[in-house]
Amino acid sequence: NTYRLSSYQVHGVDVSHYQSSINWESIADQSVHFAFLKATEGETYVDSFYCRNWEGTGEVGIKRGAYHFFRPQVSPIIQANNFIEQVHLWEGDLPPVLDVEVLDGVSKAELVVALRIWLRHVELHYNVKPILYTYQKFYNKYLAGHFDEYPIWIARYNSRKPTLADRTDWQFWQYASKGRLEGIK
């Protein structure tokens, strides 16, 4: 099924240090309803623009959420603690997100176990189920059937909605990897 993307009433952005400095007032004026901000990656990495973006979205009233880029060869508890140390959620913020896009040499079974550990640790800390983010092909090959109880955010840069192998419903669809908004270079 092909969808008219403009027919969706809620739109958001996914940003990290790659976008550099963002004028969040300008973004809010363009009907952007939410933003996911890269917070952490692996064992110790913290995105250099995370704090600035977190404060900026909060000041202009854009719903915000934070994500962690998962490194499968690093302890999931250490990674979860890296995220928890940086991300302090307030009422109204979006649930935490676990971004998984690489195997880094681990097996599918090892990946599934490690993701479950991270997700559970973070869920117990924030008392909310984290969102699992990946792209359609990775989900279908490695994650399908293992994470039905978690909200799913799928990247599929296409005008056709994501189709998941296990027929799981997705809650977020990232339909483009590039875009133009005033306030983001």
# chains A, B, ... in the order shown; residues from 1 in each chain; ligands from 1

$ residues_around --residues "Ala39 in chain A" --least-positions-apart "5" --cutoff "9 Å" --atoms "only C-alpha atoms" --output "PyMOL selection string"
chain A and resi 16+45-51+66-69+83+86-87

$ write_last_selection --atoms "C-alpha atoms" --output "PDB file, in the first residue's frame"
ATOM      1  CA  SER A  16      21.965  14.115  16.649  1.00  0.00           C
ATOM      2  CA  TYR A  45      29.659   7.986  24.314  1.00  0.00           C
ATOM      3  CA  VAL A  46      27.331  10.962  24.883  1.00  0.00           C
ATOM      4  CA  ASP A  47      26.131  12.940  21.852  1.00  0.00           C
ATOM      5  CA  SER A  48      27.730  16.402  21.988  1.00  0.00           C
ATOM      6  CA  PHE A  49      24.423  18.164  21.157  1.00  0.00           C
ATOM      7  CA  TYR A  50      22.119  16.043  23.334  1.00  0.00           C
ATOM      8  CA  CYS A  51      21.811  18.445  26.293  1.00  0.00           C
ATOM      9  CA  ALA A  66      15.994  10.220  23.730  1.00  0.00           C
ATOM     10  CA  TYR A  67      17.670   7.262  22.082  1.00  0.00           C
ATOM     11  CA  HIS A  68      20.684   5.048  22.607  1.00  0.00           C
ATOM     12  CA  PHE A  69      22.634   3.549  19.691  1.00  0.00           C
ATOM     13  CA  PHE A  83      21.812   6.054  28.890  1.00  0.00           C
ATOM     14  CA  GLN A  86      22.365  11.046  30.813  1.00  0.00           C
ATOM     15  CA  VAL A  87      18.598  10.905  30.275  1.00  0.00           C
TER      16      VAL A  87
END

$ select_by_dssp --residues "range 19-121 of chain A" --states "helix (DSSP H, G or I)" --output "ChimeraX atom specification"
/A:19,24-28,50-60,76-86,108-121

$ select_by_dssp --residues "range 70-173 of chain A" --states "strand (DSSP E)" --output "list in words"
Val97, Leu98, Asp99, Ile131, Leu132, Tyr133, Thr134, Tyr135, Ile152, Trp153, Ile154, Ala155, Phe172 and Trp173 of chain A

$ write_last_selection --atoms "N, CA and C atoms" --output "short mmCIF file (atom, residue, chain, number, x, y, z; two decimals), in the first residue's frame"
data_model
loop_
_atom_site.label_atom_id
_atom_site.label_comp_id
_atom_site.auth_asym_id
_atom_site.auth_seq_id
_atom_site.Cartn_x
_atom_site.Cartn_y
_atom_site.Cartn_z
N VAL A 97 14.33 5.10 23.72
CA VAL A 97 14.42 4.34 22.47
C VAL A 97 15.76 3.62 22.42
N LEU A 98 15.71 2.36 21.99
CA LEU A 98 16.92 1.59 21.73
C LEU A 98 17.06 1.46 20.22
N ASP A 99 18.12 2.03 19.68
CA ASP A 99 18.41 2.03 18.24
C ASP A 99 19.38 0.89 17.96
N ILE A 131 10.98 1.95 23.36
CA ILE A 131 10.67 1.75 21.95
C ILE A 131 11.89 1.11 21.30
N LEU A 132 11.67 0.16 20.42
CA LEU A 132 12.76 -0.49 19.69
C LEU A 132 12.79 0.08 18.28
N TYR A 133 13.94 0.67 17.90
CA TYR A 133 14.11 1.29 16.59
C TYR A 133 15.08 0.47 15.74
N THR A 134 14.71 0.25 14.50
CA THR A 134 15.60 -0.35 13.53
C THR A 134 15.04 -0.12 12.14
N TYR A 135 15.71 -0.62 11.13
CA TYR A 135 15.18 -0.51 9.78
C TYR A 135 14.49 -1.83 9.41
N ILE A 152 7.38 -0.47 18.36
CA ILE A 152 8.36 -0.57 17.29
C ILE A 152 8.38 0.71 16.45
N TRP A 153 9.59 1.18 16.18
CA TRP A 153 9.82 2.33 15.30
C TRP A 153 10.67 1.80 14.15
N ILE A 154 10.13 1.87 12.94
CA ILE A 154 10.79 1.31 11.76
C ILE A 154 11.22 2.43 10.81
N ALA A 155 12.48 2.33 10.39
CA ALA A 155 12.97 3.20 9.32
C ALA A 155 12.77 2.46 8.00
N PHE A 172 5.89 3.93 15.03
CA PHE A 172 6.55 5.06 14.38
C PHE A 172 7.14 4.57 13.07
N TRP A 173 7.02 5.41 12.05
CA TRP A 173 7.60 5.11 10.74
C TRP A 173 8.48 6.29 10.34
#

$ closest_residue --among "A:His121, A:Arg64, A:Arg156, A:Arg167" --to "Val32 in chain A" --atoms "only C-alpha atoms"
A:Arg64

$ closest_residue --among "A:Val15, A:Ala176, A:Ile27, A:Ile84" --to "Glu43 in chain A" --atoms "only C-alpha atoms"
A:Ile84

$ atom_distance --atom1 "CA of Ala80 in chain A" --atom2 "CA of His11 in chain A"
27.6 Å
